[in-house]
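Heads up, the thing below is written out as structure tokens.
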Amino acid sequence: MNATNCFTIFNEVIDNYHVTDNVDATLNNPHTEIEGLLYHKCWIDTVQWHLEDIIRDPNINPTDALVIKRRIDKSNQDRTDMVEKIDDWFWEYFGAKNDLTCGKINTESPAWVVDRLSILALKIYHMQEQVDRVDSDAQHKAKVEEKLAVLLEQKEDLSLAFNQLIEDVMEGRKYMKVYRQMKMYNDESLNPVLYKK
């Protein structure tokens, strides 16, 4: 497992989504195992990316906006759940090599780095889309080309950091711990607006 594997899956997802470019398109995940989890994770991110675009329409009907907001809320929970499933996979993958008594801990678990890689793949795709626009002026094109260059540099750096994290855990230089997100606002027993009803 490395960043190249992740980006291969993420780019496949993004391309597949844009065949219809429809937030209601059906997820058709051709993969199993970790590749299937990565595909599903990026699909959630890709649909949510476009829901976030839709809800920013200044002329959106308020009723429609509320429906979209609820979808985004659910998507955020689905995203977190999927990250935790991917961390479960990494926990099994590392097995006994994940020695919590030695090495250093990382600020993020592997799956939360995967989350950042997935979002970065979407940013790169859509920034490239802006670079390729034929209806924009030279100033816009120059600005988005600069942004794309930064995103591509970030891809290199984050990919290297992810690969180093995986190698470091495998070699005992770092260890992985998983902290469940414990989101309170979706839990009827923890969100006061919900449990006081």
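Chain lettering (A, B, ...) mirrors the order of the structure tokens, residue numbering begins at 1 for each chain separately, and ligand numbering begins at 1 in order of display.
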So that I can check the surroundings of Lys147 in chain A, please list as a PyMOL selection string every protein, DNA and RNA residue that reaches within 10 Å of it, counting only C-alpha atoms and ignoring chain neighbours fewer than 4 positions away. chain A and resi 123-124+127-128+131+141-143+151-153
Would you list the contacts of Lys197 in chain A as a VMD selection string, taking every protein, DNA or RNA residue within 10 Å and counting only C-alpha atoms, but skipping same-chain residues closer than 4 positions in sequence? chain A and resid 188 192 to 193
Using DSSP on the backbone coordinates, identify the residues of range 39-68 of chain A assigned to alpha helix (DSSP H); present them as number ranges by chain. A: 39-55, 62-68
For a quick check of understanding, using only C-alpha atoms, which of A:Cys42, A:Val83, A:Val150, A:Ile14 has the smallest distance to Pro110 in chain A? A:Val83
Please provide as a ChimeraX atom specification all residues within 9 Å of range 159-170 of chain A, with the sequence filter that same-chain residues fewer than 3 positions apart are discarded (counting only C-alpha atoms). /A:1-4,94,97-99,103,106,110,113-114,117,154-156,173-176
Mind giving me the straight-line distance from CA of Asn186 in chain A to CA of Asn22 in chain A in Å, one decimal?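 One can read the CA of Asn186 in chain A to CA of Asn22 in chain A distance as 26.3 Å.
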